[in-house]
Each structure stands twice: as C-alpha cells, then as structure tokens.
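For reference, the structure is listed below as structure tokens.
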Amino acid sequence: MGRAAPSRAAGAEPLLRRPPRRPSLAALGLLAALGLLLGSGDCQMQTPCGIQKCTTDFVSLTSHLNSAFEGFDLEFCKALRAYSACTDRNSKVCRGNLVYHYAVLGISDLMSQRNCSKDGPTSSTNPEVTHDPCNYNDHIEAREYQGGGKTTTPTYLFCGLFGDPHLRTFKDHFQTCKVEGAWPLVDNNYLSVQVTNVPVVPGSSATATNKITIIFKSYQDCTDQKVYQAVTDDLPAAFVDGTTSGGAGNIKSLQIVEKVSGKYVEMHARYIGTTVYIRQLGHYLTLAIRMPQELVMAYEETQDLQLCVNGCPSSERIDDSGHLPLPVMGQLLPQGDAAHIQSVYTLETATTKCHEKILVKDIYFYSCVFDLLTTGDTNFTAAAHSALQDVEALHPRKEHWHIFPSSGGGDVGKSSKYFVSLGLCSIFVAFL
C-alpha cells in the first residue's frame, strides 16, 4: 500500500571543502557536521562566531523538504536567504573562520543554481513550518516535536488475501476460509476494504475473490472521499469518479499507479501512510495492504468484523487453528470434482508445479499445492507467488516474511499442524 515519505532535501548538506563551480547539494550536511566539530574545540571558545547555529538552522529548515513537491524551490530559496542573512550578521566575528567562508561560497552557488533572488521572504528558524500535513510520516514527526518527544518510526502492519482464499492477518496469523459473498477486510476511521468471494469449484466450499471495493475516507484538506472498485476482467487505473488521485494542486496525497494494464495496480495514500496492491491472476483478484498500526486500530466497537484485524469467524474457517481435517476436504471436493481434478494434478505433480515458482517451502508454497489440488487451476500458482512477492515488498519485518512449520522436539505449533494436515489432505484428494 505506495508510500512516500519526503526525502531529505539535497541542499541540506553544507560543503566540507572549497566547492567547484556547481557544487553537489549533498555537501551542505558535511558542513553542519564540521561546524559541530569546530564548535567543540578551542577555536569556538576564542571567537563568538555563530556559523554553527546558522548551519544547523538551515538544515532544520530543509531536512523535510522534498524536491518532487510543488513549492520546493520557493521554500528552499527562503531557507537559503535566511542562511545568507545569518552569515551576514556574523561576518565580522567569523572573519577568520574557514567553515564560515565555505558556507558563504556554498550559499552563493546554490542560490545561483536555484535561481534564488537575494531579496525576498525568508524562512522562520522554527522547523515546524516545513512539515507536510498530508504526509503521514511528517505528521507524526510534527506531533512528536510539538509534544517534546523523541521522533520514532511508525509501526506498520501487513494484510494479504489470495487464492481460494488464504488470509494473512495484520497479526501474521494465516487462515484458509470460505467467506462466500461480501466481507470487510478493513473498516476503520480512514479506510474501508470489502471483498466479494464466489465458489471456484461447483458444490465445494472453496471460494476466491472476484470483486474488491476500497473507500479512502475524506481527511482534512488532504483528500475528498475516493472510491475504487475492481471486478474480474475490469481492474481500472482510476477511482469510480474517473480521477486518478486525491489532493490539492500537484501534491498527490492519494494516487493510483497502474503497473500492468488491466492486471496490477497500486494505490499510495501518503496522508495515512498506506499502500494497497491489487492484482488479477486468472479469473480472480488478490489484495495486499500495508498500514500504520495506530490507524489500523482506529475503529469503533461496531466495526469489529474485519478479517484483516480479527481473522475469519470460526464458522467460516476451512482450517481449524491451522489444521485441515480430512472430513472438510471431503466436503471441499465431492466425488465427481475430485475425479476430474485427479486427472490433472496429483500431490507429486502439484508439488513440482508450485516449486517452479516458490522455492522456499513456506505457507505460500503449501497454499499453492492446496489450491492446485482443490481447483486444478494453474493461475493459483501465480497467485501464491505474487502474494509472497507482495509480502516481501510491503511487510515491514523481513524475519516475518516466511511462515514455516515448527521444528524440533518441543510442542508442535499451529503452523506445523497446518503443513502436516495439508500433506495428508492432499494425499486424500489425490486418491479419491
């Protein structure tokens, strides 16, 4: 779900040595470090030169600017003029300071590169003015700055749905569910995601997703409410109102990016730090979402039916705490269906087919085998593989990307039960 925190302005790093005619903007940060170093030595005690404060104020004013945003040049020039004014005020006391002279040269060259006029408004030395209220990371930093707290990295969560269907919740719990019809995956104060699932094999309990509806709720001045809807064979690169973005002017706080026409789109909601991926593989859709934890949990008691948050209701589970009992498999594939699929895939051939795409035998590999034996549709192999790719792109913790069966002599974990029973169930299907 992409995901664009403002980058550090290139001009925020001062020069360490005499610059060439067109210096790299990256050098200004080194000047800040050098200023701090000199400030701790004897030279600082011998002269009241204020270049260190001039430089650190400039870095504070520009560190949150993003050159891709409209208005960058205006704000950067204002910060440069403030930097220049500060050096002017210190011209006498800093006359013999090498860092001071490098800063003056660097400011002059940067103002020339950015076509900044020497006269004009200057930035306040309060860094709060540079925070983008429609960028979630900036909003968090501004909130913590105002509260006097230390800036921390937000905690992000991941949820995914694929296959017939397999659900990975925000808590990294893995479930296989029926959930036929319309069900809410996410429903909080900022975002609603609903999926519709239909049977994939006549007479069976296995379903897959053929419709996804997403509502990005209006938020302050960052975006009006936007609704996106995808159905099988219609994966649009626009919201239902025909627009492709939300937000004022050229600053896109919400944007749809089409990666593969009709097959793969991404939605990036900067104002809530959320990224959503939707794909069509075969006749069915998959979904992956990354969202900040504090926003995931921002919902009312009446909104507690959220598959991504609380998992599937027990009555809708095909598995039982990760365990797939044989009687359920018997219901999944009646005699006629099983006989048809048996001629396409056995446990051995399904395992081989899935191993072509998924080399690691984790939950996604075994879900692939399960889906092939259930449906005989090779598109589910691609769905499992893409779902794993989405995990690797969006899940914030690499050590949690793969879910493996438990090993060793201790108690058998839930994941281990799933894999063991899946193998047994697959053999059962293959020999029906």
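Just so we're on the same page: first chain in the structure tokens is A, next is B, and so on; residues restart at 1 for each chain, and ligands are numbered from 1 in the order they show up.
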- Task: Per DSSP on the backbone, filter range 94-239 of chain A down to the residues in strand (DSSP E) and report them as an NGL selection string.
- Result: :A and (156-162 or 166-168 or 174-176 or 181-187 or 191-199 or 207-216 or 226-231)
- Every residue of range 67-279 of chain A that DSSP places in helix (DSSP H, G or I), as a PyMOL selection string: chain A and resi 72-89+98-113+127-130+136-146+270-272
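CA of Phe404 in chain A sits 10.0 Å away from CA of Tyr366 in chain A.
Nearest to Asn210 in chain A of all the residues A:Tyr284, A:Arg168, A:Glu258, A:Cys77 is A:Tyr284, based on only C-alpha atoms.
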- Using only C-alpha atoms, the residue out of A:Leu191, A:Val309, A:Cys49, A:Leu98 with shortest distance to Cys86 in chain A is A:Cys49
Would you mind listing, for every residue of range 279-303 of chain A within 9 Å of range 231-253 of chain A, the two atoms forming the shortest contact and the distance between them in Å to one decimal, using only C-alpha atoms, sorted by chain and ascending residue number, as a tab-separated table?
residue	atom	partner	partner_atom	distance
A:Arg279	CA	A:Leu235	CA	8.0
A:Gln280	CA	A:Thr232	CA	7.2
A:Gly282	CA	A:Thr232	CA	8.8
A:His283	CA	A:Thr232	CA	6.0
A:Tyr284	CA	A:Thr232	CA	6.1
A:Leu285	CA	A:Thr232	CA	6.9
Export of the given selection (N, CA and C atoms) as a PDB file, in the first residue's frame:
ATOM      1  N   ARG A 279      -4.102  -7.235  -7.723  1.00  0.00           N
ATOM      2  CA  ARG A 279      -3.725  -7.951  -8.945  1.00  0.00           C
ATOM      3  C   ARG A 279      -4.887  -8.822  -9.417  1.00  0.00           C
ATOM      4  N   GLN A 280      -4.923  -9.079 -10.727  1.00  0.00           N
ATOM      5  CA  GLN A 280      -5.796 -10.121 -11.259  1.00  0.00           C
ATOM      6  C   GLN A 280      -4.924 -11.207 -11.839  1.00  0.00           C
ATOM      7  N   GLY A 282      -5.559 -14.973 -13.527  1.00  0.00           N
ATOM      8  CA  GLY A 282      -6.637 -15.845 -13.965  1.00  0.00           C
ATOM      9  C   GLY A 282      -7.956 -15.110 -13.869  1.00  0.00           C
ATOM     10  N   HIS A 283      -8.935 -15.744 -13.226  1.00  0.00           N
ATOM     11  CA  HIS A 283     -10.262 -15.138 -13.100  1.00  0.00           C
ATOM     12  C   HIS A 283     -10.475 -14.450 -11.751  1.00  0.00           C
ATOM     13  N   TYR A 284      -9.442 -14.391 -10.918  1.00  0.00           N
ATOM     14  CA  TYR A 284      -9.652 -13.913  -9.555  1.00  0.00           C
ATOM     15  C   TYR A 284      -8.654 -12.831  -9.156  1.00  0.00           C
ATOM     16  N   LEU A 285      -8.976 -12.129  -8.081  1.00  0.00           N
ATOM     17  CA  LEU A 285      -8.196 -10.982  -7.620  1.00  0.00           C
ATOM     18  C   LEU A 285      -7.443 -11.305  -6.342  1.00  0.00           C
TER      19      LEU A 285
END
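Minimum distance to Tyr228 in chain A across A:Ile107, A:Ile215, A:Leu295, A:Ala208 (counting only C-alpha atoms) occurs at A:Ile215.
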- Task: Skip Ala384 in chain A itself and residues of its chain fewer than 6 positions away, then list as a list of chain:residue names all residues within 8 Å of it, counting only C-alpha atoms.
- Result: A:Phe162, A:Gly163, A:Tyr364, A:Phe365, A:Ser367, A:Cys368
File of the preceding selection, C-alpha atoms, as a tab-separated table (two decimals), in the first residue's frame:
chain	number	residue	atom	x	y	z
A	162	PHE	CA	-5.16	-14.57	-2.22
A	163	GLY	CA	-6.11	-17.98	-3.58
A	364	TYR	CA	2.76	-19.83	0.42
A	365	PHE	CA	4.23	-22.95	-1.14
A	367	SER	CA	-1.11	-22.94	-0.10
A	368	CYS	CA	-0.17	-23.25	-3.75
- Query: Rounded to one decimal in Å, what is the spacing between CA of Thr351 in chain A and CA of Asp377 in chain A?
  - Reply: 13.7 Å
